[in-house]
Structures are given as structure tokens and as C-alpha cells.
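Asker: Structure incoming, see below.
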Amino acid sequence: MAISPYLEVRDLSVTFPARHDEYKAVDGVSFDLARGEILALVGESGSGKSVTSLAIMKLLPEAARWTGQIRVNGVDIAPKDRRSMEDIRGAKVGMIFQEPMTSLNPVLTIARQMTEGLRRHKSLSGKQAAAVARAALLDVGITDPDRIMAQFPHQLSGGMRQRVLIAAAITLQPDILLADEPTTALDVTAQSQVLDLLVDLKSRLGAGILLVTHDIGVVAETADRVAVMRGGRILETGLVEDVLTAPQHAYTKGLLASHLTLEKALAMRSTGNRSLVL
Ligand code: ADP
Ligand code: MG
């Protein structure tokens with residue numbers, strides 16, 4: 001018997017009410033995500049990437065309507081109420097967002113926020129939860145977890161906050177992780193550290209990661225498979241090495257071309273040969 005993928009999205013459409021008609025933000029999107037792989041959803045701003053990932057978690061805004069099928073570990077989420085979705089979120093499907101500050105409560109210490117989910121989802125005591133949180137922080141490369149746990153979010157750098165959120169997500173040992181532009185708000189160094197961390201989590205925990213990004217460079221560096229989105233649709237999908245070396249769609253070719261130009265320009269800058277760029 002074939003092993004079914006952990007996350008199955010079939011013919012997903014999401015509409016928002018608009019002045020005269022309705023607006024289709026996601027239009028017939030289908031993809032699978034298995035454990036142990038990184039699937040990148042790449043496309044320009046407004047292409048429907050975030051709406052797709054919110055739909056998977058049933059976290060769409062009130063006004064949105066969706067159709068299609070979403071199965072998590074073979075279970076259809078359509079009939080699930082708020083309570084059972086809360087159990088799925090975190091425990092089976094972890095989430096990391098672009099701006100870590102919005103996912104953290106400014107008035108609670110890191111220790112408090114990291115242990116809350118563990119106490120709820122895993123029924124651990126405060127002391128047990130703190131030990132798990134501490135281990136997770138070490139796991140994401142934070143060498144002084146006790147100091148970090150005593151701090152408030154604003155006392156940490158952006159890169160550190162994103163690490164904390166990834167650590168919080170992995171304490172619950174989710175089977176898949178939805179990461180929506182997890183490195184977009186970070187500086188270049190923190191960005192590559194967080195991407196390395198995601199690749200590491202994939203291999204060590206066997207988690208499946210849906211990596212939402214507008215940056216084809218991030219896809220090249222990190223993902224196993226890629227789905228290119230535009231205007232709410234998936235234009236093409238395949239192994240990263242296939243899609244990036246032999247793109248089928250003109251839009252994908254454009255994405256790659258603009259990136260290569262950028263790379264060339266940067267290379268020229270670093271060799272001091274600026275006359276070619278200007
Ligand atoms: P991105 O690919 O940049 O993540 P989104 O998935 O956020 O794009 O948005 C896709 C489209 O859906 C956009 O055109 C956006 O304006 C629209 N949209 C997103 N959220 C809402 C909302 N709450 N109400 C109306 N339209 C929305
Ligand atoms: Mg988005």
C-alpha cells in the first residue's frame with residue numbers, strides 16, 4: 001500500500017467578499033507534503049501563499065469562504081470545530097510566521113510562552129515543561145537558554161526571536177511545520193542561520209516543512225520541491241533542481257532571470273567592477 005502524504009491539499013479555493021462580486025485569492029490549489037521534506041511555495045506578494053497556509057490551519061479571516069479538501073494525516077479538517085483544530089495546531093502542525101514579534105506576547109517571559117503550549121498539549125508540569133523548553137532552545141543553537149528564558153521578547157534580536165519561535169514549535173514535536181516567510185524580516189546572517197536550522201529540523205526530526213517565500217534564492221538554498229504560485233494558482237511544481245534548471249513557465253523563468261541578474265550585479269560590486277552594473 002502506498003504511504004499517503006501527511007498533508008494533502010486538493011483543489012483549494014478561497015474567496016473574499018468584494019464590492020460587486022467576490023475575490024478569489026486562492027484558485028484550485030493542490031499539493032502534498034510528506035514528512036521529511038521541504039516544499040517551498042514561492043511567488044510574488046499577493047499570489048495567495050499566506051491565504052493558502054492560513055486555510056490549512058483553519059485560521060482564515062471570518063469573511064473568507066473556502067472549498068476543496070484539506071487532510072492532515074488522512075483526516076479531513078473541514079468538519080473540525082475550533083477546539084479540535086486547537087489540538088491539531090501546535091501538536092501536529094506547527095507554525096512560524098514572518099514577524100516573530102507578532103507571535104510573541106510582549107508582557108510574558110520567553111519561559112512562560114514556551115511552556116504554555118507544552119502544559120496544554122502535552123499535560124506536563126511546569127517543571128517538566130521548562131526542562132523541555134530549555135532543551136529545545138539548546139537544540140536551535142541557543143547556548144545560554146536560562147538567560148534567554150528569563151527575558152522578554154523585546155530584549156531579543158529578530159533572529160533570536162525567530163529561533164525562540166522555532167524552538168517553541170519543535171517542543172510540541174509537530175509532524176509538519178508551516179513557515180510563512182520565516183526569514184523575510186531578518187538580516188542576511190540571521191536569515192541563513194534560520195534557513196540552516198529548518199534544513200536541520202527536517203533531517204533530525206523528520207518534520208515536513210511548508211516553506212512560504214517570495215525569494216527564489218531561499219528556495220534554491222533550502223527546499224526539496226517547489227510550487228510556483230501566481231494569482232492564486234500553482235503554475236508549476238516539481239523538484240527544485242528540475243524547476244530551477246528547466247522552468248516550464250514564463251513566469252518562473254522571469255523569477256529566475258531577475259535573481260540571476262541580481263547575483264551577477266552583486267558579484268560585480270564585490271569585485272569593484274561597478275561600471276558594468278551602472
Ligand atoms: P501572499 O502570497 O503575499 O502571502 P496573500 O495570501 O496574503 O498573498 O493574499 C492573497 C490575496 O488575498 C491578496 O490579493 C490579498 O489582498 C487577498 N487577501 C488576503 N487577506 C485578505 C482579507 N482578509 N480580505 C480580503 N482580501 C484578502
Ligand atoms: Mg504572505
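Just so we're on the same page: first chain in the C-alpha cells is A, next is B, and so on; residues restart at 1 for each chain, and ligands are numbered from 1 in the order they show up.
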Quick one: everything within 9 Å of Gln98 of chain A, counting only C-alpha atoms, minus sequence neighbours fewer than 5 positions away in the same chain. Send it as a count of residues only.

Answerer: 9

Asker: If DSSP is run on the backbone, what residues of segment 22-125 of chain A are helix (DSSP H, G or I)? A reply as a PyMOL selection string would be ideal.

Answerer: chain A and resi 49-56+82-91+100-103+110-122

Asker: What gap, in Å, lies between atom CA of Leu197 of chain A and atom CA of Leu235 of chain A?

Answerer: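 It comes out at 28.6 Å.
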
Asker: Write out, as a tab-separated table, each residue of chain A that has an atom at most 8 Å from ligand 2, together with the closest pair of atoms and their distance in Å to one decimal, counting only C-alpha atoms and all ligand atoms, rows going by chain and rising number.

Answerer:
```
residue	atom	partner	partner_atom_place_in_ligand_line	distance
A:Ser45	CA	ligand 2	1 (Mg)	6.5
A:Gly46	CA	ligand 2	1 (Mg)	6.9
A:Gly48	CA	ligand 2	1 (Mg)	7.1
A:Lys49	CA	ligand 2	1 (Mg)	5.6
A:Ser50	CA	ligand 2	1 (Mg)	4.1
A:Val51	CA	ligand 2	1 (Mg)	7.3
A:Asp180	CA	ligand 2	1 (Mg)	6.7
A:Glu181	CA	ligand 2	1 (Mg)	7.0
A:Val212	CA	ligand 2	1 (Mg)	7.5
A:Thr213	CA	ligand 2	1 (Mg)	7.7
```

Asker: Which residues of chain A sit at most 10 Å from ligand 1, using only C-alpha atoms and all ligand atoms? Give each one's shortest atom pair and distance in Å (one decimal place), in chain and ascending residue order, as CSV.

Answerer:
```
residue,atom,partner,partner_atom_place_in_ligand_line,distance
A:Val14,CA,ligand 1,12 (O),8.5
A:Thr15,CA,ligand 1,26 (N),8.0
A:Phe16,CA,ligand 1,25 (C),5.2
A:Pro17,CA,ligand 1,25 (C),7.2
A:Ala18,CA,ligand 1,25 (C),7.7
A:Glu22,CA,ligand 1,25 (C),9.5
A:Tyr23,CA,ligand 1,26 (N),7.3
A:Lys24,CA,ligand 1,12 (O),7.4
A:Ala25,CA,ligand 1,12 (O),4.2
A:Val26,CA,ligand 1,10 (C),7.0
A:Leu41,CA,ligand 1,2 (O),8.8
A:Val42,CA,ligand 1,2 (O),8.0
A:Gly43,CA,ligand 1,2 (O),6.3
A:Glu44,CA,ligand 1,2 (O),6.1
A:Ser45,CA,ligand 1,3 (O),3.5
A:Gly46,CA,ligand 1,8 (O),3.3
A:Ser47,CA,ligand 1,2 (O),3.8
A:Gly48,CA,ligand 1,6 (O),3.2
A:Lys49,CA,ligand 1,2 (O),3.7
A:Ser50,CA,ligand 1,4 (O),3.6
A:Val51,CA,ligand 1,6 (O),3.7
A:Thr52,CA,ligand 1,6 (O),6.2
A:Ser53,CA,ligand 1,6 (O),7.9
A:Leu54,CA,ligand 1,6 (O),8.3
A:Ala55,CA,ligand 1,6 (O),9.8
A:Leu60,CA,ligand 1,23 (N),7.6
A:Pro61,CA,ligand 1,23 (N),5.5
A:Glu62,CA,ligand 1,23 (N),8.2
A:Ala63,CA,ligand 1,24 (N),7.2
A:Ala64,CA,ligand 1,23 (N),7.2
A:Asp180,CA,ligand 1,4 (O),7.9
A:Glu181,CA,ligand 1,4 (O),8.5
A:Val212,CA,ligand 1,4 (O),7.8
A:Thr213,CA,ligand 1,2 (O),8.1
A:His214,CA,ligand 1,2 (O),7.6
A:Met229,CA,ligand 1,2 (O),7.8
A:Arg230,CA,ligand 1,2 (O),7.9
A:Gly231,CA,ligand 1,10 (C),7.7
A:Gly232,CA,ligand 1,10 (C),6.8
```

Asker: For segment 33-38 of chain A, list every protein, DNA or RNA residue within 7 Å, evaluated using only C-alpha atoms, and leave out those in the same chain fewer than 6 positions away; present the list as a list in words.

Answerer: Pro5, Tyr6, Leu7, Glu8, Asp175, Ile176, Lys202, Ser203, Gly206, Ala207, Gly208, Ile209, Leu210, Leu211, Ala223, Asp224 and Arg225 of chain A

Asker: Give me, as CSV, the closest atom pair and its distance (Å, one decimal) for every residue of segment 144-219 of chain A within a cut-off of 12 Å of segment 105-118 of chain A, counting only C-alpha atoms, rows sorted by chain and rising number.

Answerer:
```
residue,atom,partner,partner_atom,distance
A:Pro145,CA,A:Ala111,CA,9.4
A:Asp146,CA,A:Ala111,CA,8.7
A:Arg147,CA,A:Ile110,CA,9.8
A:Ile148,CA,A:Ile110,CA,6.9
A:Met149,CA,A:Ala111,CA,4.4
A:Ala150,CA,A:Thr109,CA,5.9
A:Gln151,CA,A:Thr109,CA,5.4
A:Phe152,CA,A:Thr109,CA,4.6
A:Pro153,CA,A:Pro106,CA,5.8
A:His154,CA,A:Pro106,CA,6.9
A:Gln155,CA,A:Pro106,CA,9.8
A:Leu156,CA,A:Ile110,CA,9.9
A:Met160,CA,A:Ile110,CA,11.1
A:Arg161,CA,A:Ile110,CA,9.3
A:Gln162,CA,A:Ile110,CA,11.9
A:Arg163,CA,A:Ile110,CA,11.4
A:Val164,CA,A:Ile110,CA,7.8
A:Leu165,CA,A:Met114,CA,8.3
A:Ile166,CA,A:Met114,CA,10.3
A:Ala167,CA,A:Met114,CA,8.2
A:Ala168,CA,A:Met114,CA,5.3
A:Ala169,CA,A:Met114,CA,8.6
A:Ile170,CA,A:Met114,CA,10.3
A:Thr171,CA,A:Leu118,CA,7.2
A:Leu172,CA,A:Leu118,CA,6.5
A:Gln173,CA,A:Leu118,CA,10.2
A:Pro174,CA,A:Leu118,CA,11.9
```
